[in-house]
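Okay, work_16.json now, which holds JSON, C-alpha atoms:
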[["chain", "number", "residue", "atom", "x", "y", "z"],
["O", 1, "MET", "CA", -25.95, -11.99, -16.17],
["O", 2, "GLU", "CA", -29.28, -10.17, -15.67],
["O", 3, "THR", "CA", -29.58, -6.90, -13.74],
["O", 4, "SER", "CA", -31.13, -8.67, -10.73],
["O", 5, "GLN", "CA", -28.16, -11.06, -10.65],
["O", 6, "TYR", "CA", -25.71, -8.14, -10.66],
["O", 7, "LEU", "CA", -27.67, -6.59, -7.79],
["O", 8, "SER", "CA", -27.43, -9.87, -5.90],
["O", 9, "GLU", "CA", -23.64, -9.90, -6.43],
["O", 10, "VAL", "CA", -23.30, -6.31, -5.20],
["O", 11, "ILE", "CA", -25.28, -7.19, -2.06],
["O", 12, "LYS", "CA", -23.05, -10.23, -1.49],
["O", 13, "GLU", "CA", -19.98, -8.00, -1.64],
["O", 14, "LEU", "CA", -21.52, -5.61, 0.88],
["O", 15, "GLN", "CA", -22.31, -8.46, 3.31],
["O", 16, "PHE", "CA", -18.59, -8.83, 4.09],
["O", 17, "VAL", "CA", -18.03, -5.13, 4.80],
["O", 18, "PRO", "CA", -19.02, -4.92, 8.50],
["O", 19, "GLN", "CA", -16.44, -7.43, 9.70],
["O", 20, "LEU", "CA", -13.69, -5.37, 8.06],
["O", 21, "ILE", "CA", -14.44, -2.11, 9.90],
["O", 22, "SER", "CA", -12.95, -1.35, 13.32],
["O", 23, "ASP", "CA", -15.46, -0.61, 16.07],
["O", 24, "ASN", "CA", -12.69, 1.19, 17.99],
["O", 25, "GLU", "CA", -12.07, 3.56, 15.08],
["O", 26, "SER", "CA", -15.82, 4.09, 14.76],
["O", 27, "GLU", "CA", -16.26, 4.90, 18.45],
["O", 28, "GLN", "CA", -13.42, 7.42, 18.24],
["O", 29, "LEU", "CA", -15.20, 9.09, 15.33],
["O", 30, "ILE", "CA", -18.58, 9.10, 17.08],
["O", 31, "HIS", "CA", -17.09, 10.76, 20.17],
["O", 32, "SER", "CA", -15.34, 13.36, 17.99],
["O", 33, "ILE", "CA", -18.60, 14.14, 16.23],
["O", 34, "ALA", "CA", -20.34, 14.55, 19.60],
["O", 35, "ALA", "CA", -17.56, 16.80, 20.95],
["O", 36, "ALA", "CA", -17.36, 19.07, 17.91],
["O", 37, "ASN", "CA", -18.85, 22.56, 17.89],
["O", 38, "LYS", "CA", -19.65, 22.14, 14.19],
["O", 39, "VAL", "CA", -19.19, 19.19, 11.85],
["O", 40, "PHE", "CA", -18.12, 19.77, 8.26],
["O", 41, "VAL", "CA", -18.12, 17.05, 5.60],
["O", 42, "ALA", "CA", -16.31, 16.87, 2.29],
["O", 43, "GLY", "CA", -15.65, 14.45, -0.51],
["O", 44, "ALA", "CA", -15.25, 14.53, -4.26],
["O", 45, "GLY", "CA", -17.49, 12.93, -6.86],
["O", 46, "ARG", "CA", -19.69, 10.08, -5.64],
["O", 47, "SER", "CA", -17.90, 10.04, -2.28],
["O", 48, "GLY", "CA", -18.97, 13.65, -1.87],
["O", 49, "PHE", "CA", -22.61, 12.69, -2.40],
["O", 50, "MET", "CA", -22.32, 10.05, 0.32],
["O", 51, "MET", "CA", -20.81, 12.58, 2.73],
["O", 52, "ARG", "CA", -23.63, 15.03, 1.95],
["O", 53, "SER", "CA", -26.17, 12.41, 2.99],
["O", 54, "LEU", "CA", -24.31, 11.97, 6.29],
["O", 55, "ALA", "CA", -24.39, 15.74, 6.90],
["O", 56, "MET", "CA", -28.15, 15.71, 6.34],
["O", 57, "ARG", "CA", -28.70, 13.03, 8.96],
["O", 58, "LEU", "CA", -26.39, 14.78, 11.44],
["O", 59, "MET", "CA", -28.51, 17.90, 10.94],
["O", 60, "HIS", "CA", -31.65, 15.82, 11.52],
["O", 61, "MET", "CA", -30.14, 14.86, 14.90],
["O", 62, "GLY", "CA", -29.91, 18.54, 15.78],
["O", 63, "MET", "CA", -26.18, 18.90, 15.14],
["O", 64, "ARG", "CA", -24.62, 21.84, 13.38],
["O", 65, "ALA", "CA", -23.49, 19.99, 10.24],
["O", 66, "TYR", "CA", -22.34, 21.55, 6.97],
["O", 67, "VAL", "CA", -21.12, 20.56, 3.53],
["O", 68, "VAL", "CA", -17.88, 22.26, 2.56],
["O", 69, "GLY", "CA", -18.34, 24.47, -0.49],
["O", 70, "GLU", "CA", -22.02, 25.31, -0.02],
["O", 71, "THR", "CA", -22.82, 29.01, -0.04],
["O", 72, "VAL", "CA", -24.34, 28.91, 3.47],
["O", 73, "THR", "CA", -21.46, 27.00, 5.08],
["O", 74, "PRO", "CA", -19.84, 28.98, 7.91],
["O", 75, "GLY", "CA", -16.12, 29.20, 8.55],
["O", 76, "LEU", "CA", -14.24, 26.29, 10.10],
["O", 77, "ALA", "CA", -12.55, 26.98, 13.45],
["O", 78, "GLU", "CA", -10.82, 25.39, 16.40],
["O", 79, "GLY", "CA", -13.19, 22.95, 18.11],
["O", 80, "ASP", "CA", -14.80, 21.94, 14.82],
["O", 81, "LEU", "CA", -14.47, 18.63, 13.00],
["O", 82, "LEU", "CA", -13.84, 18.14, 9.28],
["O", 83, "MET", "CA", -14.80, 14.67, 8.04],
["O", 84, "ILE", "CA", -13.44, 13.74, 4.62],
["O", 85, "GLY", "CA", -14.61, 10.72, 2.65],
["O", 86, "SER", "CA", -11.92, 9.76, 0.14],
["O", 87, "GLY", "CA", -11.02, 6.30, -1.06],
["O", 88, "SER", "CA", -7.53, 7.28, -2.16],
["O", 89, "GLY", "CA", -6.92, 10.03, 0.40],
["O", 90, "GLU", "CA", -5.00, 11.80, -2.37],
["O", 91, "THR", "CA", -7.56, 14.01, -4.14],
["O", 92, "LYS", "CA", -5.69, 17.31, -4.40],
["O", 93, "SER", "CA", -8.57, 19.59, -3.43],
["O", 94, "LEU", "CA", -9.28, 17.44, -0.37],
["O", 95, "VAL", "CA", -5.60, 17.29, 0.64],
["O", 96, "SER", "CA", -5.51, 21.09, 0.50],
["O", 97, "MET", "CA", -8.72, 21.30, 2.53],
["O", 98, "ALA", "CA", -7.35, 18.89, 5.16],
["O", 99, "ASP", "CA", -4.13, 20.88, 5.46],
["O", 100, "LYS", "CA", -6.06, 24.14, 5.92],
["O", 101, "ALA", "CA", -8.35, 22.57, 8.53],
["O", 102, "LYS", "CA", -5.35, 21.46, 10.58],
["O", 103, "LYS", "CA", -3.80, 24.94, 10.34],
["O", 104, "LEU", "CA", -7.09, 26.41, 11.64],
["O", 105, "GLY", "CA", -6.99, 24.06, 14.65],
["O", 106, "ALA", "CA", -9.89, 21.84, 13.66],
["O", 107, "SER", "CA", -9.94, 18.08, 14.13],
["O", 108, "LEU", "CA", -9.71, 15.96, 11.00],
["O", 109, "ALA", "CA", -11.32, 12.59, 10.37],
["O", 110, "LEU", "CA", -10.75, 10.51, 7.25],
["O", 111, "LEU", "CA", -12.98, 7.71, 5.97],
["O", 112, "THR", "CA", -10.84, 5.88, 3.43],
["O", 113, "THR", "CA", -9.41, 2.72, 1.94],
["O", 114, "SER", "CA", -5.93, 4.28, 2.24],
["O", 115, "PRO", "CA", -4.94, 5.19, 5.81],
["O", 116, "GLU", "CA", -1.32, 5.87, 4.77],
["O", 117, "SER", "CA", -2.39, 8.53, 2.26],
["O", 118, "SER", "CA", -1.55, 12.24, 2.33],
["O", 119, "ILE", "CA", -4.81, 13.03, 4.13],
["O", 120, "GLY", "CA", -4.27, 10.05, 6.42],
["O", 121, "LYS", "CA", -0.96, 11.55, 7.54],
["O", 122, "LEU", "CA", -2.80, 14.71, 8.61],
["O", 123, "ALA", "CA", -5.84, 13.03, 10.17],
["O", 124, "ASP", "CA", -6.55, 12.77, 13.88],
["O", 125, "ILE", "CA", -8.98, 9.90, 13.27],
["O", 126, "ILE", "CA", -8.93, 7.39, 10.45],
["O", 127, "VAL", "CA", -11.65, 4.86, 9.77],
["O", 128, "LYS", "CA", -10.50, 2.32, 7.23],
["O", 129, "LEU", "CA", -13.34, 1.18, 5.02],
["O", 130, "PRO", "CA", -13.10, -1.72, 2.61],
["O", 131, "GLY", "CA", -13.34, -1.17, -1.09],
["O", 132, "ALA", "CA", -11.33, -1.30, -4.23],
["O", 133, "PRO", "CA", -9.49, 1.81, -5.38],
["O", 134, "LYS", "CA", -10.41, 3.42, -8.68],
["O", 135, "ASP", "CA", -7.12, 2.19, -10.11],
["O", 136, "PRO", "CA", -7.81, -1.39, -11.28],
["O", 137, "SER", "CA", -4.10, -2.31, -11.07],
["O", 138, "ASN", "CA", -4.39, -2.40, -7.26],
["O", 139, "LYS", "CA", -5.93, -5.78, -6.49],
["O", 140, "ASP", "CA", -6.02, -5.64, -2.66],
["O", 141, "TYR", "CA", -9.80, -5.98, -2.60],
["O", 142, "GLN", "CA", -11.73, -7.91, -5.22],
["O", 143, "THR", "CA", -15.02, -6.60, -6.56],
["O", 144, "ILE", "CA", -17.06, -7.02, -9.72],
["O", 145, "GLN", "CA", -17.95, -3.31, -9.56],
["O", 146, "PRO", "CA", -16.18, -0.58, -11.48],
["O", 147, "MET", "CA", -13.80, 1.93, -9.99],
["O", 148, "GLY", "CA", -14.67, 3.06, -6.44],
["O", 149, "SER", "CA", -18.27, 1.83, -6.35],
["O", 150, "LEU", "CA", -17.82, -0.58, -3.43],
["O", 151, "PHE", "CA", -16.09, 2.10, -1.32],
["O", 152, "GLU", "CA", -18.80, 4.63, -2.12],
["O", 153, "GLN", "CA", -21.59, 2.21, -1.21],
["O", 154, "THR", "CA", -19.76, 1.31, 1.98],
["O", 155, "LEU", "CA", -19.35, 5.01, 2.79],
["O", 156, "LEU", "CA", -23.11, 5.58, 2.48],
["O", 157, "LEU", "CA", -24.04, 2.56, 4.60],
["O", 158, "TYR", "CA", -21.31, 3.28, 7.16],
["O", 159, "GLY", "CA", -22.65, 6.84, 7.52],
["O", 160, "ASP", "CA", -26.11, 5.43, 8.22],
["O", 161, "ALA", "CA", -24.62, 3.06, 10.82],
["O", 162, "LEU", "CA", -22.82, 6.00, 12.48],
["O", 163, "VAL", "CA", -26.15, 7.81, 12.65],
["O", 164, "LEU", "CA", -27.89, 4.83, 14.24],
["O", 165, "ARG", "CA", -25.13, 4.48, 16.86],
["O", 166, "THR", "CA", -25.23, 8.21, 17.60],
["O", 167, "MET", "CA", -29.03, 8.14, 17.84],
["O", 168, "LYS", "CA", -28.76, 5.42, 20.47],
["O", 169, "LEU", "CA", -26.17, 7.36, 22.48],
["O", 170, "ARG", "CA", -28.29, 10.53, 22.29],
["O", 171, "LYS", "CA", -31.54, 8.65, 22.95],
["O", 172, "LEU", "CA", -33.08, 9.88, 19.71],
["O", 173, "THR", "CA", -35.76, 8.22, 17.64],
["O", 174, "SER", "CA", -36.75, 8.62, 14.03],
["O", 175, "GLU", "CA", -39.85, 10.41, 15.28],
["O", 176, "SER", "CA", -37.85, 12.89, 17.36],
["O", 177, "MET", "CA", -35.54, 13.58, 14.42],
["O", 178, "PHE", "CA", -38.44, 14.24, 12.06],
["O", 179, "SER", "CA", -38.93, 17.69, 13.58],
["O", 180, "GLN", "CA", -35.65, 18.68, 11.89],
["O", 181, "HIS", "CA", -36.86, 17.44, 8.49],
["O", 182, "ALA", "CA", -37.68, 19.97, 5.75],
["O", 183, "ASN", "CA", -41.36, 20.86, 5.86],
["O", 184, "LEU", "CA", -41.77, 23.51, 3.19],
["O", 185, "GLU", "CA", -43.37, 21.23, 0.61]]

Can you turn what I pasted into structure tokens?
Amino acid sequence: METSQYLSEVIKELQFVPQLISDNESEQLIHSIAAANKVFVAGAGRSGFMMRSLAMRLMHMGMRAYVVGETVTPGLAEGDLLMIGSGSGETKSLVSMADKAKKLGASLALLTTSPESSIGKLADIIVKLPGAPKDPSNKDYQTIQPMGSLFEQTLLLYGDALVLRTMKLRKLTSESMFSQHANLE
């Protein structure tokens, strides 16, 4: 197969994603984001990159959004929301982070393929996203892609969909958000 054919197959896989995501879970998450004093995002590896891109767009909407682990990230407190993107919901550093967030009185949201995971058991809100786990022995979801690629792509696109829904609720436009864009170049 040529590269363009692989791309076509990846896009075909992604076309089935929206019908597998709960709008009720999504609305719960959107309202939690809106109610939070500050929104923190976390994830490991590629999932972490996808969560960073969500934090950037939340910031562009004028929200106080932070990436856990950055040097300028403030402390998490009661009234804040920690959003974790983790396919397995078992990454040790993220489980520890989730546990600490709950002890500090923050709300916890998990975007995952594994709602019954350790983080899922701690979470106030769970949005189940389709995707294959990194472990190829689990065949619940078929994909031609390696490891967690489908979940990670879904996480990125789902984050963009959350932003669009939130923009509509807050009556924001791309033009109005641009004022929050970096302009030091």

(message) Report, in Å to a single decimal, how far apart atom CA of Ala182 of chain O and atom CA of Arg64 of chain O are.
(response) 15.2 Å

(message) For a test of reading the model, state the distance in Å between atom CA of Ser176 of chain O and atom CA of Val163 of chain O, rounded to one decimal.
(response)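 Distance between the two atoms: 13.6 Å.
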
(message) I need every residue sitting at most 7 Å from the point (-10.7, 6.4, 4.5) (coordinates as in the file, only C-alpha atoms considered), written as a PyMOL selection string.
(response) chain O and resi 85-87+89+110-115+126-129

With all atoms listed in the file counted and 12 Å as the cut-off, give the residues of segment 53-162 of chain O in contact with segment 14-34 of chain O, each with its shortest interatomic distance in Å and the pair that gives it, as CSV.
residue,atom,partner,partner_atom,distance
O:Leu54,CA,O:Ile33,CA,11.7
O:Ala55,CA,O:Ile33,CA,11.1
O:Leu58,CA,O:Ile33,CA,9.2
O:Met59,CA,O:Ile33,CA,11.8
O:Met61,CA,O:Ala34,CA,10.9
O:Gly62,CA,O:Ala34,CA,11.0
O:Met63,CA,O:Ala34,CA,8.5
O:Arg64,CA,O:Ile33,CA,10.2
O:Ala65,CA,O:Ile33,CA,9.7
O:Gly79,CA,O:Ser32,CA,9.8
O:Asp80,CA,O:Ile33,CA,8.8
O:Leu81,CA,O:Ile33,CA,6.9
O:Leu82,CA,O:Ile33,CA,9.3
O:Met83,CA,O:Ile33,CA,9.0
O:Ile84,CA,O:Leu29,CA,11.8
O:Ala106,CA,O:Ser32,CA,11.0
O:Ser107,CA,O:Ser32,CA,8.1
O:Leu108,CA,O:Ser32,CA,9.3
O:Ala109,CA,O:Leu29,CA,7.2
O:Leu110,CA,O:Leu29,CA,9.3
O:Leu111,CA,O:Leu29,CA,9.7
O:Thr112,CA,O:Ile21,CA,10.9
O:Thr113,CA,O:Ile21,CA,10.6
O:Pro115,CA,O:Glu25,CA,11.8
O:Ala123,CA,O:Leu29,CA,11.4
O:Asp124,CA,O:Leu29,CA,9.5
O:Ile125,CA,O:Leu29,CA,6.6
O:Ile126,CA,O:Glu25,CA,6.8
O:Val127,CA,O:Glu25,CA,5.5
O:Lys128,CA,O:Ile21,CA,6.5
O:Leu129,CA,O:Ile21,CA,6.0
O:Pro130,CA,O:Val17,CA,6.4
O:Gly131,CA,O:Val17,CA,8.5
O:Ala132,CA,O:Val17,CA,11.9
O:Tyr141,CA,O:Val17,CA,11.1
O:Gln142,CA,O:Phe16,CA,11.6
O:Thr143,CA,O:Leu14,CA,9.9
O:Ile144,CA,O:Leu14,CA,11.6
O:Gln145,CA,O:Leu14,CA,11.3
O:Ser149,CA,O:Leu14,CA,10.9
O:Leu150,CA,O:Leu14,CA,7.6
O:Phe151,CA,O:Val17,CA,9.7
O:Glu152,CA,O:Leu14,CA,11.0
O:Gln153,CA,O:Leu14,CA,8.1
O:Thr154,CA,O:Leu14,CA,7.2
O:Leu155,CA,O:Val17,CA,10.4
O:Leu156,CA,O:Leu14,CA,11.4
O:Leu157,CA,O:Leu14,CA,9.3
O:Tyr158,CA,O:Pro18,CA,8.6
O:Gly159,CA,O:Ser26,CA,10.3
O:Ala161,CA,O:Ser26,CA,9.7
O:Leu162,CA,O:Ile30,CA,7.0

Keeping only C-alpha atoms, take the residues you just selected and write them out as a CSV table (one decimal), in the frame of the given file.
chain,number,residue,atom,x,y,z
O,54,LEU,CA,-24.3,12.0,6.3
O,55,ALA,CA,-24.4,15.7,6.9
O,58,LEU,CA,-26.4,14.8,11.4
O,59,MET,CA,-28.5,17.9,10.9
O,61,MET,CA,-30.1,14.9,14.9
O,62,GLY,CA,-29.9,18.5,15.8
O,63,MET,CA,-26.2,18.9,15.1
O,64,ARG,CA,-24.6,21.8,13.4
O,65,ALA,CA,-23.5,20.0,10.2
O,79,GLY,CA,-13.2,23.0,18.1
O,80,ASP,CA,-14.8,21.9,14.8
O,81,LEU,CA,-14.5,18.6,13.0
O,82,LEU,CA,-13.8,18.1,9.3
O,83,MET,CA,-14.8,14.7,8.0
O,84,ILE,CA,-13.4,13.7,4.6
O,106,ALA,CA,-9.9,21.8,13.7
O,107,SER,CA,-9.9,18.1,14.1
O,108,LEU,CA,-9.7,16.0,11.0
O,109,ALA,CA,-11.3,12.6,10.4
O,110,LEU,CA,-10.8,10.5,7.2
O,111,LEU,CA,-13.0,7.7,6.0
O,112,THR,CA,-10.8,5.9,3.4
O,113,THR,CA,-9.4,2.7,1.9
O,115,PRO,CA,-4.9,5.2,5.8
O,123,ALA,CA,-5.8,13.0,10.2
O,124,ASP,CA,-6.6,12.8,13.9
O,125,ILE,CA,-9.0,9.9,13.3
O,126,ILE,CA,-8.9,7.4,10.4
O,127,VAL,CA,-11.6,4.9,9.8
O,128,LYS,CA,-10.5,2.3,7.2
O,129,LEU,CA,-13.3,1.2,5.0
O,130,PRO,CA,-13.1,-1.7,2.6
O,131,GLY,CA,-13.3,-1.2,-1.1
O,132,ALA,CA,-11.3,-1.3,-4.2
O,141,TYR,CA,-9.8,-6.0,-2.6
O,142,GLN,CA,-11.7,-7.9,-5.2
O,143,THR,CA,-15.0,-6.6,-6.6
O,144,ILE,CA,-17.1,-7.0,-9.7
O,145,GLN,CA,-18.0,-3.3,-9.6
O,149,SER,CA,-18.3,1.8,-6.4
O,150,LEU,CA,-17.8,-0.6,-3.4
O,151,PHE,CA,-16.1,2.1,-1.3
O,152,GLU,CA,-18.8,4.6,-2.1
O,153,GLN,CA,-21.6,2.2,-1.2
O,154,THR,CA,-19.8,1.3,2.0
O,155,LEU,CA,-19.4,5.0,2.8
O,156,LEU,CA,-23.1,5.6,2.5
O,157,LEU,CA,-24.0,2.6,4.6
O,158,TYR,CA,-21.3,3.3,7.2
O,159,GLY,CA,-22.6,6.8,7.5
O,161,ALA,CA,-24.6,3.1,10.8
O,162,LEU,CA,-22.8,6.0,12.5

(request) Go ahead and compute the interatomic distance for atom CA of Gly148 of chain O and atom CA of Ser88 of chain O, in Å to one decimal. (result)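 Computed distance, atom CA of Gly148 of chain O to atom CA of Ser88 of chain O, equals 9.3 Å.
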
(message) My list of candidates is O:Glu2, O:Ala98, O:Arg57, O:Ala36. Which is closest to Leu164 of chain O when distances are computed with only C-alpha atoms?
(response)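 Using only C-alpha atoms, the shortest distance to Leu164 of chain O belongs to O:Arg57.
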
(request) Between O:Val10, O:Met1, O:Met167, O:Ile119, single out the one closest to Ser96 of chain O, counting all atoms listed in the file. (result)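 Looking at the shortest contact to Ser96 of chain O, the residue is O:Ile119.
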
(message) Need the shell around Ser118 of chain O: protein/DNA/RNA residues with any atom at most 7 Å away, counting all atoms listed in the file. Skip same-chain ones fewer than 2 positions apart. Format as a list in words?
(response)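 The residues satisfying every condition are Gly89, Glu90, Val95, Glu116, Gly120, Lys121 and Leu122 of chain O.
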
(request) Can you work out which one of O:His60, O:Lys171, O:Glu78, O:Pro146 has the shortest atom-to-atom distance to Asn37 of chain O, counting all atoms listed in the file? (result)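 Looking only at the distances to Asn37 of chain O, the closest residue turns out to be O:Glu78.
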
(message) At a cut-off of 12 Å, using all atoms listed in the file, what residues contact Thr73 of chain O? Leave out same-chain residues fewer than 3 positions from it and give the result as a PyMOL selection string.
(response) chain O and resi 38-42+55+64-70+76
